[in-house]
Amino acid sequence: MGSFAGTDFYDLDSLLTEEEIMVRDSVRQFVDDRLLPVIEQHYEDATFPMELIPAMADLGIYGATLPTEYGCAGLGSVAYGLAMQELERGDSGIRSFASVQGALVMYPIFAYGSEEQRRKYLPRMAKGEFIGCFGLTEPDFGSNPGGMITRAVETKDGYLINGAKMWITNGNLADVAIVWAKTEGDRIQGFVVEKGTKGYSAREQKRKFSLRASVTSELIFEDCLIPKENILPEAKGLKAALGCLSQARYGIAWGAIGSAMACYCTALEYSKTRIQFDRPIGGFQLLQAELADMVTEITKAQLLCLQLGRLKERDQATFPRVSMAKRNNVAMALEVARRSRDILGANGITSEYPVMRHMCNLESVKTYEGTHNIHTLIIGEAVTGISAYR
Amino acid sequence: MKIVVCLKQVPDSETRVKLDPTGKSLDSAGVSLVVNPYDEYAIEEALKLKEAAGAGEVIILTLGASGAATAIRNALAMGADRGILLKADTANADARAISEALSSTIKELSPDLVLCGKQAIDDDGAQVGPRIAELLGWPCVTVVTKLEISPGKVRAEREIEGGIEVCECALPAVITAQKGLNEPRYASLKGIMAAKKKEILEQDVTLSAPGLVTSSMSLPAGRSAGRMVGSGKEAVPELVRILREEARVI
Ligand SMILES: Cc1cc2nc3c(=O)[nH]c(=O)nc-3n(C[C@H](O)[C@H](O)[C@H](O)COP(=O)(O)OP(=O)(O)OC[C@H]3O[C@@H](n4cnc5c(N)ncnc54)[C@H](O)[C@@H]3O)c2cc1C
């Protein structure tokens with residue numbers, strides 16, 4: 001079974017159910033067998049591993065928490081989190097793909113869509129036959145999406161969309177895009193736009209140093225007319241968009257633990273075998289201090305996520321609670337990646353080891369889905385009652 | 001078609017095993033337990049046969065401690081229909097006692113086919129499959145890498161030194177699976193959730209006294225540290241000299 005043993009300093013497995021462990025182990029095995037052997041090449045070539053799309057569908061990754069009647073797995077929140085952790089142990093880009101598909105596209109269709117829309121999209125998306133993307137960010141509106149300029153004007157035939165979205169994960173791969181635009185009275189509203197709709201195009205954003213094995217695109221809408229039934233009826237206001245983000249951020253908080261584990265475990269092994277001054281470098285106090293810090297931070301992050309997951313299962317994972325885990329865990333993972341890179345010395349900068357890839361990926365993860373700063377402000381607002389940014 | 005798959009829970013091959021203080025068995029503390037890898041091929045083959053037939057039942061049969069239910073659950077998550085756990089203290093059990101217990105349950109189930117792994121990776125006994133067949137009076141094909149079932153009949157390919165042997169026998173039969181038979185599927189997340197609702201019947205059994213006792217176990221001697229002879233072409237003569245004169249391997 002799993003050649004990756006994971007990091008479990010506090011016997012947190014004893015807090016998991018049998019099926020949560022099985023879910024984690026199954027995804028772990030998949031990542032070991034199928035993802036790790038190909039990821040470095042895809043990262044170098046800046047390509048997404050398309051061959052894994054159906055394999056991840058067979059595993060049941062997409063929209064895994066949604067009900068079985070739509071072809072999904074009906075997982076609990078902690079099991080889902082563990083699955084995201086394992087995917088991101090492989091690569092943040094692959095976890096991003098799954099997050100977008102599940103949390104940012106299937107979830108809003110499930111939560112804000114009509115029954116017809118659910119039946120039309122969810123089973124095919126669970127099977128990976130339909131790929132989704134989520135367009136909120138614009139060239140001039142990132143942290144402040146409420147300022148968006150993309151517009152949807154109601155006409156007698158439907159909605160006419162004009163505008164542009166940027167930094168959209170899966171953009172060029174997507175068969176269906178969830179697009180947020182302003183309607184009459186500057187009200188923000190979610191729409192479903194299908195690939196091939198006249199006036200809708202996507203252009204891949206190249207030259208990334210981060211998330212290279214993930215497709216990022218610009219979406220362009222030029223008099224793009226979509227039928228009336230493509231409005232997501234309940235996706236009203238920025239709040240609805242943020243509802244999706246909250247789902248995705250939850251998965252990211254877990255995913256970051258996976259990246260951190262991959263880096264820490266690599267550094268730990270390396271420090272036990274790399275000999276300098278006639279002994280393993282892990283025998284030096286300075287190195288041990290690094291390792292002790294890293295395993296402690298990973299353990300804290302695990303506890304944060306586990307409790308957040310239990311809260312989510314009780315529907316108490318409030319917005320600021322999710323922010324705390326996303327903010328803490330991604331910053332933690334980035335720090336662990338940087339320190340691990342250092343422990344590997346020159347080897348740390350090569351693709352022989354996964355560390356620098358994770359490190360570069362995590363720079364994006366820190367920025368997307370609400371930057372570190374924005375989560376600071378969300379937590380700040382939650383504790384003081386005073387918003388510093390709105 | 002009713003298929004019984006015998007499944008054993010074994011230490012993960014990644015764990016570094018330690019001996020317990022008696023020196024006669026493994027220390028189970030901190031050892032993670034998994035489905036015996038060869039049994040995974042047996043499970044996969046059973047599922048494929050059932051799927052191809054479009055009907056049937058795959059029953060997982062395990063003998064072990066109560067924790068072995070986890071291994072059965074894994075097989076149920078892959079798609080098996082139900083499980084039976086024969087709970088017994090296996091500390092001193094030998095292959096004969098275990099095969100007797102398994103075969104008497106198999107007899108009651110009266111399946112068309114029994115699939116086992118070719119051996120368990122913990123004790124490497126490779127006895128249970130053939131012993132079950134013997135006790136039931138059924139044919140047995142071991143170390144199988146390809147299996148075809150036609151009404152009442154089995155055609156199996158097995159690995160032999162330097163080649164492949166093709167065997168045929170009647171059903172019911174016992175087949176033991178070798179790597180290469182198939183590619184075991186991952187337990188899907190849906191399968192894992194569905195497995196929660198599947199039945200695992202637990203039954204206490206008493207094993208007959210062993211005819212074989214383990215008198216001691218020992219770990220292989222540790223390897224001594226390597227030595228750098230040099231690098232590049234210049235090091236070759238010295239390396240050859242050491243291999244010839246010191247290591248005496250060439
Ligand atoms: C690889 C990648 C994939 C992405 N995928 C998607 C996607 O699929 N869909 C989508 O809609 N978007 C996506 N994004 C966009 C992402 O969500 C935005 O980049 C993010 O919200 C930040 O916006 P910005 O880049 O415009 O930065 P800005 O908002 O311009 O922020 C720049 C800096 O200023 C700081 N800052 C801004 N406002 C404040 C404040 N009030 N107080 C303190 N600091 C502040 C920020 O923290 C940041 O450090 C993706 C981004 C990347 C890099």
# chains A, B, ... in the order shown; residues from 1 in each chain; ligands from 1
call {"tool": "select_by_dssp", "arguments": {"residues": "range 139-330 of chain A", "states": "helix (DSSP H, G or I)", "output": "ChimeraX atom specification"}}
result
/A:145-147,171-173,184-186,228-230,238-273,281-283,285-313,319-330
call {"tool": "residues_around", "arguments": {"residues": "Lys48 in chain B", "least_positions_apart": "6", "cutoff": "12 Å", "atoms": "only C-alpha atoms", "output": "ChimeraX atom specification"}}
result
/B:1,3,41-42,54-58,78-80,147-149,181-185
call {"tool": "interface_residues", "arguments": {"of": "chain B", "to": "chain A", "cutoff": "7 Å", "atoms": "only C-alpha atoms", "output": "ChimeraX atom specification"}}
result
/B:12,14,34,186-190,192
call {"tool": "write_last_selection", "arguments": {"atoms": "C-alpha atoms", "output": "CSV table (one decimal), in the first residue's frame"}}
result
chain,number,residue,atom,x,y,z
B,12,ASP,CA,2.6,-2.9,5.2
B,14,GLU,CA,7.0,-0.3,3.9
B,34,VAL,CA,-2.8,-3.6,4.9
B,186,TYR,CA,-8.5,1.8,-6.3
B,187,ALA,CA,-11.3,1.9,-3.8
B,188,SER,CA,-13.3,4.8,-5.1
B,189,LEU,CA,-14.7,7.4,-2.7
B,190,LYS,CA,-18.2,6.2,-3.7
B,192,ILE,CA,-15.9,3.5,0.3
call {"tool": "closest_atom_pairs", "arguments": {"of": "chain A", "to": "ligand 1", "cutoff": "8 Å", "atoms": "only C-alpha atoms and all ligand atoms", "output": "Markdown table"}}
result
| residue | atom | partner | partner_atom_place_in_ligand_line | distance |
| --- | --- | --- | --- | --- |
| A:Val100 | CA | ligand 1 | 8 (O) | 6.6 |
| A:Cys133 | CA | ligand 1 | 8 (O) | 6.2 |
| A:Phe134 | CA | ligand 1 | 9 (N) | 5.0 |
| A:Gly135 | CA | ligand 1 | 11 (O) | 4.3 |
| A:Leu136 | CA | ligand 1 | 11 (O) | 3.5 |
| A:Thr137 | CA | ligand 1 | 11 (O) | 3.8 |
| A:Glu138 | CA | ligand 1 | 11 (O) | 7.3 |
| A:Pro139 | CA | ligand 1 | 26 (O) | 6.7 |
| A:Asp140 | CA | ligand 1 | 26 (O) | 6.5 |
| A:Phe141 | CA | ligand 1 | 26 (O) | 5.6 |
| A:Gly142 | CA | ligand 1 | 23 (O) | 3.2 |
| A:Ser143 | CA | ligand 1 | 29 (O) | 3.6 |
| A:Asn144 | CA | ligand 1 | 29 (O) | 6.2 |
| A:Pro145 | CA | ligand 1 | 21 (O) | 7.7 |
| A:Lys165 | CA | ligand 1 | 11 (O) | 7.2 |
| A:Met166 | CA | ligand 1 | 12 (N) | 6.7 |
| A:Trp167 | CA | ligand 1 | 50 (C) | 4.4 |
| A:Ile168 | CA | ligand 1 | 8 (O) | 3.8 |
| A:Thr169 | CA | ligand 1 | 8 (O) | 3.7 |
| A:Asn170 | CA | ligand 1 | 8 (O) | 6.9 |
| A:Gly171 | CA | ligand 1 | 8 (O) | 7.5 |
| A:Ser210 | CA | ligand 1 | 1 (C) | 6.8 |
| A:Leu211 | CA | ligand 1 | 1 (C) | 5.9 |
| A:Ser214 | CA | ligand 1 | 1 (C) | 7.7 |
| A:Thr216 | CA | ligand 1 | 3 (C) | 6.0 |
| A:Glu363 | CA | ligand 1 | 53 (C) | 7.9 |
| A:Ser364 | CA | ligand 1 | 53 (C) | 4.6 |
| A:Val365 | CA | ligand 1 | 53 (C) | 7.2 |
| A:Thr367 | CA | ligand 1 | 20 (C) | 5.3 |
| A:Tyr368 | CA | ligand 1 | 17 (O) | 3.7 |
| A:Glu369 | CA | ligand 1 | 17 (O) | 4.7 |
| A:Gly370 | CA | ligand 1 | 21 (O) | 5.0 |
| A:Thr371 | CA | ligand 1 | 47 (O) | 4.7 |
| A:His372 | CA | ligand 1 | 47 (O) | 5.8 |
| A:Asn373 | CA | ligand 1 | 47 (O) | 4.3 |
| A:Ile374 | CA | ligand 1 | 47 (O) | 5.6 |
| A:Leu377 | CA | ligand 1 | 42 (N) | 7.1 |
| A:Ala388 | CA | ligand 1 | 41 (N) | 7.1 |
| A:Tyr389 | CA | ligand 1 | 41 (N) | 4.9 |
call {"tool": "select_by_dssp", "arguments": {"residues": "range 86-204 of chain A", "states": "strand (DSSP E)", "output": "short mmCIF file (atom, residue, chain, number, x, y, z; two decimals) with all heavy atoms, in the first residue's frame"}}
result
data_model
loop_
_atom_site.label_atom_id
_atom_site.label_comp_id
_atom_site.auth_asym_id
_atom_site.auth_seq_id
_atom_site.Cartn_x
_atom_site.Cartn_y
_atom_site.Cartn_z
N GLY A 132 -15.10 22.32 -15.61
CA GLY A 132 -15.61 23.64 -15.28
C GLY A 132 -14.52 24.63 -14.93
O GLY A 132 -13.39 24.26 -14.60
N CYS A 133 -14.87 25.93 -15.05
CA CYS A 133 -14.00 26.98 -14.51
C CYS A 133 -14.88 28.04 -13.86
O CYS A 133 -16.11 28.04 -14.03
CB CYS A 133 -13.10 27.57 -15.58
SG CYS A 133 -13.94 28.63 -16.78
N PHE A 134 -14.25 28.91 -13.10
CA PHE A 134 -14.96 29.86 -12.26
C PHE A 134 -14.38 31.24 -12.50
O PHE A 134 -13.21 31.48 -12.18
CB PHE A 134 -14.76 29.43 -10.80
CG PHE A 134 -15.36 30.32 -9.75
CD1 PHE A 134 -16.67 30.13 -9.32
CD2 PHE A 134 -14.59 31.32 -9.14
CE1 PHE A 134 -17.21 30.93 -8.31
CE2 PHE A 134 -15.14 32.12 -8.14
CZ PHE A 134 -16.45 31.92 -7.73
N GLY A 135 -15.14 32.12 -13.06
CA GLY A 135 -14.61 33.43 -13.42
C GLY A 135 -15.15 34.54 -12.54
O GLY A 135 -16.29 34.99 -12.72
N ARG A 151 -20.45 42.94 -17.35
CA ARG A 151 -21.89 43.23 -17.27
C ARG A 151 -22.71 42.18 -17.99
O ARG A 151 -22.29 41.64 -19.01
CB ARG A 151 -22.21 44.57 -17.93
CG ARG A 151 -21.76 45.75 -17.16
CD ARG A 151 -22.90 46.79 -17.04
NE ARG A 151 -22.68 47.57 -15.85
CZ ARG A 151 -23.47 47.53 -14.77
NH1 ARG A 151 -24.55 46.78 -14.76
NH2 ARG A 151 -23.19 48.25 -13.72
N ALA A 152 -23.89 41.93 -17.48
CA ALA A 152 -24.86 41.07 -18.16
C ALA A 152 -26.15 41.87 -18.30
O ALA A 152 -26.76 42.24 -17.30
CB ALA A 152 -25.11 39.80 -17.36
N VAL A 153 -26.50 42.15 -19.55
CA VAL A 153 -27.70 42.96 -19.78
C VAL A 153 -28.82 42.05 -20.28
O VAL A 153 -28.64 41.28 -21.22
CB VAL A 153 -27.40 44.06 -20.82
CG1 VAL A 153 -28.67 44.88 -21.13
CG2 VAL A 153 -26.29 44.97 -20.32
N GLU A 154 -29.96 42.15 -19.61
CA GLU A 154 -31.08 41.30 -19.98
C GLU A 154 -31.68 41.79 -21.30
O GLU A 154 -31.94 42.98 -21.48
CB GLU A 154 -32.14 41.31 -18.87
CG GLU A 154 -33.13 40.20 -19.04
CD GLU A 154 -34.01 39.98 -17.81
OE1 GLU A 154 -33.77 40.64 -16.78
OE2 GLU A 154 -34.93 39.15 -17.91
N GLY A 158 -32.25 36.66 -23.82
CA GLY A 158 -31.41 36.10 -22.75
C GLY A 158 -30.59 37.20 -22.09
O GLY A 158 -31.10 38.29 -21.83
N TYR A 159 -29.30 36.90 -21.87
CA TYR A 159 -28.41 37.89 -21.27
C TYR A 159 -27.23 38.11 -22.20
O TYR A 159 -26.64 37.15 -22.70
CB TYR A 159 -27.91 37.42 -19.91
CG TYR A 159 -28.99 37.38 -18.86
CD1 TYR A 159 -29.74 36.23 -18.67
CD2 TYR A 159 -29.26 38.50 -18.07
CE1 TYR A 159 -30.75 36.19 -17.72
CE2 TYR A 159 -30.26 38.48 -17.11
CZ TYR A 159 -31.01 37.32 -16.94
OH TYR A 159 -31.99 37.29 -16.00
N LEU A 160 -26.88 39.38 -22.34
CA LEU A 160 -25.76 39.74 -23.19
C LEU A 160 -24.59 40.10 -22.28
O LEU A 160 -24.67 41.08 -21.53
CB LEU A 160 -26.17 40.92 -24.06
CG LEU A 160 -25.33 41.18 -25.31
CD1 LEU A 160 -25.41 39.99 -26.27
CD2 LEU A 160 -25.80 42.45 -26.02
N ILE A 161 -23.53 39.30 -22.34
CA ILE A 161 -22.41 39.51 -21.42
C ILE A 161 -21.25 40.17 -22.14
O ILE A 161 -20.86 39.77 -23.24
CB ILE A 161 -21.94 38.17 -20.79
CG1 ILE A 161 -23.13 37.49 -20.09
CG2 ILE A 161 -20.80 38.40 -19.80
CD1 ILE A 161 -22.78 36.21 -19.36
N ASN A 162 -20.68 41.19 -21.48
CA ASN A 162 -19.49 41.86 -21.98
C ASN A 162 -18.51 42.07 -20.84
O ASN A 162 -18.91 42.45 -19.74
CB ASN A 162 -19.85 43.23 -22.59
CG ASN A 162 -20.27 43.09 -24.04
OD1 ASN A 162 -19.47 42.75 -24.91
ND2 ASN A 162 -21.57 43.30 -24.29
N GLY A 163 -17.25 41.79 -21.12
CA GLY A 163 -16.24 42.00 -20.08
C GLY A 163 -15.13 40.98 -20.22
O GLY A 163 -15.05 40.25 -21.21
N ALA A 164 -14.25 40.93 -19.21
CA ALA A 164 -13.13 39.99 -19.24
C ALA A 164 -12.81 39.51 -17.84
O ALA A 164 -12.94 40.26 -16.86
CB ALA A 164 -11.91 40.65 -19.87
N LYS A 165 -12.41 38.28 -17.76
CA LYS A 165 -11.98 37.69 -16.49
C LYS A 165 -10.53 37.27 -16.65
O LYS A 165 -10.09 36.95 -17.76
CB LYS A 165 -12.85 36.48 -16.14
CG LYS A 165 -14.33 36.82 -15.97
CD LYS A 165 -14.57 37.58 -14.68
CE LYS A 165 -16.01 38.04 -14.54
NZ LYS A 165 -16.20 38.84 -13.30
N MET A 166 -9.80 37.24 -15.55
CA MET A 166 -8.37 36.93 -15.66
C MET A 166 -7.94 35.98 -14.56
O MET A 166 -8.58 35.93 -13.52
CB MET A 166 -7.59 38.23 -15.55
CG MET A 166 -6.32 38.20 -16.36
SD MET A 166 -5.60 39.82 -16.36
CE MET A 166 -4.05 39.45 -17.13
N TRP A 167 -6.87 35.26 -14.83
CA TRP A 167 -6.33 34.29 -13.86
C TRP A 167 -7.31 33.17 -13.59
O TRP A 167 -7.49 32.76 -12.45
CB TRP A 167 -5.97 34.97 -12.53
CG TRP A 167 -5.06 36.12 -12.68
CD1 TRP A 167 -5.35 37.43 -12.49
CD2 TRP A 167 -3.68 36.06 -13.08
NE1 TRP A 167 -4.25 38.20 -12.74
CE2 TRP A 167 -3.20 37.38 -13.11
CE3 TRP A 167 -2.81 35.02 -13.42
CZ2 TRP A 167 -1.90 37.70 -13.47
CZ3 TRP A 167 -1.51 35.33 -13.77
CH2 TRP A 167 -1.07 36.66 -13.79
N ILE A 168 -7.98 32.69 -14.62
CA ILE A 168 -9.02 31.70 -14.39
C ILE A 168 -8.49 30.27 -14.59
O ILE A 168 -8.17 29.86 -15.71
CB ILE A 168 -10.24 31.96 -15.30
CG1 ILE A 168 -10.71 33.42 -15.14
CG2 ILE A 168 -11.36 30.98 -15.01
CD1 ILE A 168 -10.97 33.85 -13.69
N THR A 169 -8.41 29.56 -13.48
CA THR A 169 -7.94 28.18 -13.49
C THR A 169 -8.87 27.32 -14.36
O THR A 169 -10.09 27.46 -14.26
CB THR A 169 -7.90 27.63 -12.05
OG1 THR A 169 -7.08 28.48 -11.27
CG2 THR A 169 -7.36 26.20 -12.01
N VAL A 176 -17.72 24.34 -19.32
CA VAL A 176 -18.72 25.20 -18.70
C VAL A 176 -18.04 26.16 -17.71
O VAL A 176 -17.18 25.75 -16.93
CB VAL A 176 -19.85 24.36 -18.03
CG1 VAL A 176 -19.39 22.99 -17.65
CG2 VAL A 176 -20.44 25.04 -16.82
N ALA A 177 -18.40 27.44 -17.83
CA ALA A 177 -17.81 28.46 -16.96
C ALA A 177 -18.91 29.06 -16.08
O ALA A 177 -19.99 29.38 -16.57
CB ALA A 177 -17.18 29.56 -17.82
N ILE A 178 -18.60 29.18 -14.79
CA ILE A 178 -19.48 29.95 -13.91
C ILE A 178 -18.94 31.37 -13.94
O ILE A 178 -17.79 31.60 -13.55
CB ILE A 178 -19.46 29.41 -12.46
CG1 ILE A 178 -19.90 27.94 -12.42
CG2 ILE A 178 -20.32 30.28 -11.55
CD1 ILE A 178 -21.35 27.70 -12.74
N VAL A 179 -19.72 32.28 -14.44
CA VAL A 179 -19.25 33.64 -14.64
C VAL A 179 -20.08 34.60 -13.79
O VAL A 179 -21.31 34.50 -13.75
CB VAL A 179 -19.37 34.03 -16.13
CG1 VAL A 179 -18.91 35.47 -16.35
CG2 VAL A 179 -18.54 33.09 -16.99
N TRP A 180 -19.36 35.50 -13.12
CA TRP A 180 -20.03 36.48 -12.27
C TRP A 180 -20.03 37.82 -12.99
O TRP A 180 -18.99 38.26 -13.48
CB TRP A 180 -19.35 36.56 -10.91
CG TRP A 180 -19.38 35.22 -10.24
CD1 TRP A 180 -18.48 34.21 -10.39
CD2 TRP A 180 -20.41 34.71 -9.39
NE1 TRP A 180 -18.87 33.10 -9.67
CE2 TRP A 180 -20.05 33.38 -9.04
CE3 TRP A 180 -21.60 35.24 -8.86
CZ2 TRP A 180 -20.84 32.58 -8.21
CZ3 TRP A 180 -22.38 34.44 -8.01
CH2 TRP A 180 -22.00 33.13 -7.71
N ALA A 181 -21.20 38.45 -13.06
CA ALA A 181 -21.31 39.72 -13.78
C ALA A 181 -22.35 40.59 -13.09
O ALA A 181 -23.19 40.11 -12.33
CB ALA A 181 -21.72 39.45 -15.23
N LYS A 182 -22.25 41.89 -13.39
CA LYS A 182 -23.22 42.82 -12.81
C LYS A 182 -24.44 42.94 -13.72
O LYS A 182 -24.32 43.06 -14.93
CB LYS A 182 -22.58 44.19 -12.62
CG LYS A 182 -21.77 44.24 -11.33
CD LYS A 182 -21.25 45.63 -11.07
CE LYS A 182 -20.47 45.64 -9.76
NZ LYS A 182 -19.55 46.77 -9.71
N ILE A 188 -24.66 41.77 -8.44
CA ILE A 188 -23.81 40.70 -8.96
C ILE A 188 -24.62 39.41 -9.06
O ILE A 188 -25.43 39.11 -8.18
CB ILE A 188 -22.56 40.53 -8.08
CG1 ILE A 188 -21.67 41.77 -8.23
CG2 ILE A 188 -21.77 39.27 -8.44
CD1 ILE A 188 -20.49 41.83 -7.31
N GLN A 189 -24.41 38.71 -10.15
CA GLN A 189 -25.22 37.53 -10.43
C GLN A 189 -24.35 36.47 -11.11
O GLN A 189 -23.47 36.80 -11.90
CB GLN A 189 -26.38 37.95 -11.34
CG GLN A 189 -27.19 36.85 -11.94
CD GLN A 189 -28.06 36.15 -10.89
OE1 GLN A 189 -28.75 36.81 -10.11
NE2 GLN A 189 -27.99 34.83 -10.86
N GLY A 190 -24.58 35.20 -10.78
CA GLY A 190 -23.82 34.11 -11.40
C GLY A 190 -24.54 33.53 -12.61
O GLY A 190 -25.76 33.38 -12.60
N PHE A 191 -23.77 33.22 -13.65
CA PHE A 191 -24.32 32.64 -14.88
C PHE A 191 -23.52 31.40 -15.28
O PHE A 191 -22.35 31.26 -14.90
CB PHE A 191 -24.23 33.64 -16.04
CG PHE A 191 -25.02 34.89 -15.83
CD1 PHE A 191 -24.44 36.00 -15.22
CD2 PHE A 191 -26.35 34.95 -16.21
CE1 PHE A 191 -25.18 37.17 -15.02
CE2 PHE A 191 -27.09 36.11 -16.01
CZ PHE A 191 -26.51 37.22 -15.42
N VAL A 192 -24.16 30.55 -16.07
CA VAL A 192 -23.45 29.41 -16.64
C VAL A 192 -23.22 29.72 -18.12
O VAL A 192 -24.18 29.95 -18.86
CB VAL A 192 -24.29 28.12 -16.54
CG1 VAL A 192 -23.50 26.93 -17.08
CG2 VAL A 192 -24.72 27.86 -15.11
N VAL A 193 -21.95 29.71 -18.52
CA VAL A 193 -21.66 29.96 -19.93
C VAL A 193 -20.99 28.71 -20.50
O VAL A 193 -20.00 28.23 -19.94
CB VAL A 193 -20.73 31.17 -20.11
CG1 VAL A 193 -20.45 31.42 -21.60
CG2 VAL A 193 -21.33 32.41 -19.48
N GLU A 194 -21.54 28.19 -21.57
CA GLU A 194 -20.97 26.97 -22.15
C GLU A 194 -19.95 27.30 -23.22
O GLU A 194 -20.08 28.29 -23.95
CB GLU A 194 -22.08 26.08 -22.71
CG GLU A 194 -22.92 25.48 -21.61
CD GLU A 194 -23.80 24.34 -22.09
OE1 GLU A 194 -23.53 23.78 -23.18
OE2 GLU A 194 -24.76 24.00 -21.37
N TYR A 200 -17.79 34.16 -26.66
CA TYR A 200 -17.02 33.72 -25.48
C TYR A 200 -15.74 33.05 -25.95
O TYR A 200 -15.78 32.12 -26.76
CB TYR A 200 -17.87 32.74 -24.65
CG TYR A 200 -17.11 31.94 -23.61
CD1 TYR A 200 -16.16 32.55 -22.78
CD2 TYR A 200 -17.34 30.58 -23.43
CE1 TYR A 200 -15.48 31.81 -21.82
CE2 TYR A 200 -16.66 29.83 -22.48
CZ TYR A 200 -15.73 30.45 -21.68
OH TYR A 200 -15.05 29.73 -20.74
N SER A 201 -14.59 33.52 -25.46
CA SER A 201 -13.33 32.85 -25.80
C SER A 201 -12.41 32.84 -24.60
O SER A 201 -12.58 33.62 -23.65
CB SER A 201 -12.66 33.55 -26.99
OG SER A 201 -12.42 34.90 -26.66
N ALA A 202 -11.44 31.95 -24.65
CA ALA A 202 -10.46 31.84 -23.55
C ALA A 202 -9.07 31.88 -24.14
O ALA A 202 -8.82 31.34 -25.23
CB ALA A 202 -10.68 30.52 -22.81
N ARG A 203 -8.15 32.53 -23.42
CA ARG A 203 -6.78 32.61 -23.90
C ARG A 203 -5.85 32.23 -22.75
O ARG A 203 -5.94 32.82 -21.65
CB ARG A 203 -6.50 34.05 -24.36
CG ARG A 203 -5.15 34.19 -25.07
CD ARG A 203 -5.11 35.46 -25.91
NE ARG A 203 -5.40 36.62 -25.05
CZ ARG A 203 -5.91 37.77 -25.49
NH1 ARG A 203 -6.24 37.91 -26.75
NH2 ARG A 203 -6.12 38.77 -24.66
N GLU A 204 -5.03 31.24 -22.98
CA GLU A 204 -4.19 30.76 -21.89
C GLU A 204 -3.13 31.79 -21.50
O GLU A 204 -2.52 32.43 -22.35
CB GLU A 204 -3.53 29.42 -22.26
CG GLU A 204 -2.84 28.81 -21.05
CD GLU A 204 -2.39 27.37 -21.23
OE1 GLU A 204 -2.70 26.76 -22.27
OE2 GLU A 204 -1.71 26.88 -20.31
#
call {"tool": "residues_around", "arguments": {"residues": "Met228 in chain B", "least_positions_apart": "4", "cutoff": "12 Å", "atoms": "only C-alpha atoms", "output": "PDB file with all heavy atoms, in the first residue's frame"}}
result
ATOM      1  N   GLY B 232      35.163   8.611 -11.484  1.00  0.00           N
ATOM      2  CA  GLY B 232      35.711   8.672 -12.832  1.00  0.00           C
ATOM      3  C   GLY B 232      36.466   7.394 -13.198  1.00  0.00           C
ATOM      4  O   GLY B 232      36.510   6.427 -12.435  1.00  0.00           O
ATOM      5  N   ALA B 235      39.185   5.471 -11.070  1.00  0.00           N
ATOM      6  CA  ALA B 235      38.851   4.640  -9.914  1.00  0.00           C
ATOM      7  C   ALA B 235      38.637   3.176 -10.289  1.00  0.00           C
ATOM      8  O   ALA B 235      38.619   2.312  -9.425  1.00  0.00           O
ATOM      9  CB  ALA B 235      37.605   5.197  -9.230  1.00  0.00           C
ATOM     10  N   VAL B 236      38.464   2.901 -11.600  1.00  0.00           N
ATOM     11  CA  VAL B 236      38.076   1.542 -12.018  1.00  0.00           C
ATOM     12  C   VAL B 236      39.078   0.460 -11.597  1.00  0.00           C
ATOM     13  O   VAL B 236      38.693  -0.556 -11.019  1.00  0.00           O
ATOM     14  CB  VAL B 236      37.783   1.501 -13.538  1.00  0.00           C
ATOM     15  CG1 VAL B 236      37.547   0.069 -14.006  1.00  0.00           C
ATOM     16  CG2 VAL B 236      36.576   2.372 -13.856  1.00  0.00           C
ATOM     17  N   GLU B 238      41.144   0.301  -9.160  1.00  0.00           N
ATOM     18  CA  GLU B 238      41.085   0.091  -7.723  1.00  0.00           C
ATOM     19  C   GLU B 238      39.799  -0.651  -7.352  1.00  0.00           C
ATOM     20  O   GLU B 238      39.803  -1.575  -6.533  1.00  0.00           O
ATOM     21  CB  GLU B 238      41.183   1.452  -7.003  1.00  0.00           C
ATOM     22  CG  GLU B 238      41.011   1.429  -5.495  1.00  0.00           C
ATOM     23  CD  GLU B 238      42.099   0.646  -4.741  1.00  0.00           C
ATOM     24  OE1 GLU B 238      43.021   0.104  -5.399  1.00  0.00           O
ATOM     25  OE2 GLU B 238      41.984   0.548  -3.506  1.00  0.00           O
ATOM     26  N   LEU B 239      38.695  -0.278  -8.010  1.00  0.00           N
ATOM     27  CA  LEU B 239      37.414  -0.934  -7.737  1.00  0.00           C
ATOM     28  C   LEU B 239      37.498  -2.423  -8.104  1.00  0.00           C
ATOM     29  O   LEU B 239      37.079  -3.296  -7.349  1.00  0.00           O
ATOM     30  CB  LEU B 239      36.294  -0.248  -8.530  1.00  0.00           C
ATOM     31  CG  LEU B 239      34.890  -0.844  -8.341  1.00  0.00           C
ATOM     32  CD1 LEU B 239      34.425  -0.680  -6.895  1.00  0.00           C
ATOM     33  CD2 LEU B 239      33.889  -0.185  -9.284  1.00  0.00           C
ATOM     34  N   ILE B 242      39.508  -4.285  -5.528  1.00  0.00           N
ATOM     35  CA  ILE B 242      38.784  -4.531  -4.280  1.00  0.00           C
ATOM     36  C   ILE B 242      37.739  -5.636  -4.454  1.00  0.00           C
ATOM     37  O   ILE B 242      37.613  -6.526  -3.611  1.00  0.00           O
ATOM     38  CB  ILE B 242      38.120  -3.224  -3.776  1.00  0.00           C
ATOM     39  CG1 ILE B 242      39.204  -2.228  -3.351  1.00  0.00           C
ATOM     40  CG2 ILE B 242      37.180  -3.516  -2.619  1.00  0.00           C
ATOM     41  CD1 ILE B 242      38.668  -0.843  -3.065  1.00  0.00           C
TER      42      ILE B 242
END
